[in-house]
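**Student:** I'd like to ask you about the structure that follows.
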Amino acid sequence: MNFVHIVPFVLHLLFMSLKFHLLTAEIKRELISNEQVFTYYEIGFIYLSMFFLLIGYSIASLYHLKIYNSELNRKFSLRGKMKLTWLKFVIFGFIIICVVGLFSFILSMKGYQIIIFRLISVISIFVFSNVIVYYGLKLPDLFSGIEEKPSKQKYEKSALPPEQLRRYLKKIVRCMESEKLYLNPLLTLQDLAKKASIPSYYISQVLSRCLNKNFYDFVNGYRIEESKKILTNDSGVKKTILEVLYDVGFNSKSTFNTAFKKYTGMTPTEFIRLQKSS
């Protein structure tokens, strides 16, 4: 279905080509000499259609970004560098560029030539392009895509019976707890599937139907429990919060704090303070 995206370009090309080539040779020469092939209304139509097309793609990008985020949670135990907040800002920035460009175009159609708007548009496009290139080089995995999620129909057909779900769940839990796979910060759904000898799509199904969790939350639950054990350790060996988060499989303090508060209702510092006072 990717060929559909070329349809707007083809329509624009046909419109501009037919508009010009259907004219007589004399009119063509006159228009070219006057540097005005299209009327203001036609130029306005072309520009507005491009504007709404770009806005539409931007909105679609935000929608697919939301889906991509959920897929990351389904397949990776630790997001870390895979956070995509920056991409939201880039998309919103692109929308602003489009709006500024439209405003500049409307003013130029009315006879105003405000250089600052064109300058802002050019600079914004330059910054936008460089941000994409920068993150493309820094985080190439973001642009490598994710294995396609099974369709709902296929998922329903492959639904496991309750007994099989429970059997797989026990196997997954046993594998996680006996080998402490959650301590690996790079643990993925495929890694767990290989260790447990269970297809990855079945693991996702088991976690979703039995625990109402995705892979990301499932693994982080173990990590938080492990961190609580270390933080309440009375053996005399005291570790900093930073040391603890690395020990249990996190690689970012902000991610650890967010996950810790999600599972315990308090920050690691508050948890330590509570343990000392009790």
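By convention here, the chains of the structure tokens are called A, B, ... in the order presented, each chain's residues are numbered starting at 1, and ligands are numbered starting at 1 in the order presented.
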Determine, counting only C-alpha atoms, which protein, DNA and RNA residues have an atom within 8 Å of an atom of range 48-60 of chain A; residues of the same chain fewer than 2 positions away are not included. Present the result as a CSV table (one decimal) with N, CA, C and O atoms, in the first residue's frame.

**Tutor:**
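The result, written out as out.csv:
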```csv
chain,number,residue,atom,x,y,z
A,44,GLY,N,-2.8,29.3,-5.0
A,44,GLY,CA,-3.3,29.1,-3.7
A,44,GLY,C,-3.8,27.7,-3.5
A,44,GLY,O,-3.6,27.2,-2.4
A,45,PHE,N,-4.5,27.2,-4.5
A,45,PHE,CA,-5.0,25.8,-4.3
A,45,PHE,C,-3.9,24.8,-4.2
A,45,PHE,O,-3.9,23.9,-3.3
A,46,ILE,N,-2.8,25.0,-5.0
A,46,ILE,CA,-1.7,24.1,-4.9
A,46,ILE,C,-1.0,24.2,-3.5
A,46,ILE,O,-0.7,23.1,-2.9
A,62,LEU,N,2.1,11.3,14.4
A,62,LEU,CA,1.9,11.2,15.8
A,62,LEU,C,1.1,10.0,16.2
A,62,LEU,O,1.4,9.3,17.2
A,63,TYR,N,0.2,9.6,15.4
A,63,TYR,CA,-0.6,8.4,15.6
A,63,TYR,C,0.3,7.1,15.6
A,63,TYR,O,0.2,6.3,16.5
A,64,HIS,N,1.1,7.0,14.6
A,64,HIS,CA,2.0,5.9,14.4
A,64,HIS,C,3.1,5.9,15.5
A,64,HIS,O,3.6,4.8,15.9
A,91,ILE,N,8.0,16.6,15.3
A,91,ILE,CA,6.8,16.6,14.5
A,91,ILE,C,6.0,17.9,14.8
A,91,ILE,O,5.5,18.6,13.8
A,92,PHE,N,5.9,18.3,16.1
A,92,PHE,CA,5.2,19.5,16.4
A,92,PHE,C,5.9,20.7,15.8
A,92,PHE,O,5.3,21.7,15.3
A,94,PHE,N,7.7,20.6,13.0
A,94,PHE,CA,7.4,20.6,11.6
A,94,PHE,C,6.0,21.2,11.3
A,94,PHE,O,5.8,22.0,10.3
A,95,ILE,N,5.0,21.0,12.2
A,95,ILE,CA,3.7,21.6,12.0
A,95,ILE,C,3.8,23.1,12.1
A,95,ILE,O,3.2,23.8,11.3
A,98,CYS,N,5.1,24.5,8.9
A,98,CYS,CA,4.0,24.6,7.9
A,98,CYS,C,3.1,25.8,8.1
A,98,CYS,O,2.7,26.4,7.2
A,102,LEU,N,2.6,28.8,5.7
A,102,LEU,CA,1.3,29.2,5.2
A,102,LEU,C,1.0,30.7,5.4
A,102,LEU,O,0.5,31.4,4.5
```

**Student:** Excluding same-chain residues fewer than 6 positions from range 166-170 of chain A, what lies within 12 Å of it counting only C-alpha atoms, as a PyMOL selection string?

**Tutor:** chain A and resi 160+176-178+193+196-211+218

**Student:** Mind checking DSSP for range 139-262 of chain A and telling me the helix (DSSP H, G or I) residues as a ChimeraX atom specification?

**Tutor:** /A:140-143,152-157,162-179,181-183,189-196,200-211,215-231,241-247,253-262

**Student:** With only C-alpha atoms as the atoms that count, which of A:Glu26, A:Asp247, A:Asp217, A:Glu163 lies nearest to Leu183 in chain A?

**Tutor:**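 Closest to Leu183 in chain A of all the choices is A:Asp247.
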
**Student:** To one decimal in Å, tell me the separation between CA of Gly93 in chain A and CA of Phe128 in chain A.

**Tutor:**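 So the two atoms, CA of Gly93 in chain A and CA of Phe128 in chain A, lie 7.6 Å apart.
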
**Student:** Applying 8 Å and only C-alpha atoms, which residues near Ile224 in chain A remain after dropping the ones on its own chain fewer than 4 positions away? List them as a ChimeraX atom specification.

**Tutor:** /A:220,228,248,259-260,263

**Student:** Now that the selection is made, can you save its residues with all heavy atoms as a short mmCIF file (atom, residue, chain, number, x, y, z; two decimals), in the first residue's frame?

**Tutor:**
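Written file, selection_30.cif:
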```
data_model
loop_
_atom_site.label_atom_id
_atom_site.label_comp_id
_atom_site.auth_asym_id
_atom_site.auth_seq_id
_atom_site.Cartn_x
_atom_site.Cartn_y
_atom_site.Cartn_z
N ASN A 220 10.30 -4.93 34.42
CA ASN A 220 10.60 -3.87 35.37
C ASN A 220 10.03 -4.15 36.76
O ASN A 220 10.56 -3.69 37.77
CB ASN A 220 10.09 -2.52 34.86
CG ASN A 220 11.03 -1.90 33.85
OD1 ASN A 220 12.16 -2.37 33.67
ND2 ASN A 220 10.59 -0.87 33.17
N LYS A 228 14.36 -3.15 45.78
CA LYS A 228 13.84 -3.00 47.14
C LYS A 228 14.60 -3.90 48.11
O LYS A 228 14.89 -3.51 49.25
CB LYS A 228 12.34 -3.33 47.16
CG LYS A 228 11.47 -2.25 46.52
CD LYS A 228 10.06 -2.74 46.24
CE LYS A 228 9.31 -3.12 47.49
NZ LYS A 228 7.93 -3.56 47.18
N VAL A 248 20.36 -3.73 39.10
CA VAL A 248 19.11 -4.45 38.82
C VAL A 248 18.69 -4.38 37.35
O VAL A 248 17.64 -4.93 36.98
CB VAL A 248 17.96 -3.93 39.71
CG1 VAL A 248 18.29 -4.12 41.17
CG2 VAL A 248 17.64 -2.46 39.41
N ALA A 259 9.84 4.19 37.25
CA ALA A 259 9.35 2.82 37.45
C ALA A 259 9.16 2.51 38.93
O ALA A 259 8.17 1.87 39.32
CB ALA A 259 10.34 1.82 36.83
N PHE A 260 10.08 2.97 39.76
CA PHE A 260 10.00 2.71 41.20
C PHE A 260 8.74 3.34 41.79
O PHE A 260 8.03 2.71 42.58
CB PHE A 260 11.25 3.27 41.90
CG PHE A 260 11.47 2.71 43.28
CD1 PHE A 260 12.32 1.63 43.47
CD2 PHE A 260 10.84 3.26 44.39
CE1 PHE A 260 12.53 1.09 44.74
CE2 PHE A 260 11.04 2.74 45.65
CZ PHE A 260 11.88 1.65 45.83
N TYR A 263 5.54 1.43 40.81
CA TYR A 263 5.28 0.16 41.50
C TYR A 263 5.14 0.29 43.01
O TYR A 263 4.52 -0.57 43.64
CB TYR A 263 6.39 -0.84 41.18
CG TYR A 263 6.32 -1.40 39.78
CD1 TYR A 263 7.01 -0.80 38.73
CD2 TYR A 263 5.53 -2.51 39.48
CE1 TYR A 263 6.94 -1.30 37.44
CE2 TYR A 263 5.45 -3.01 38.20
CZ TYR A 263 6.15 -2.40 37.18
OH TYR A 263 6.06 -2.89 35.89
#
```

**Student:** Measuring between only C-alpha atoms, which one of A:Lys171, A:Arg223, A:Arg273, A:Lys213 shows the shortest distance to Pro185 in chain A?

**Tutor:** A:Arg223
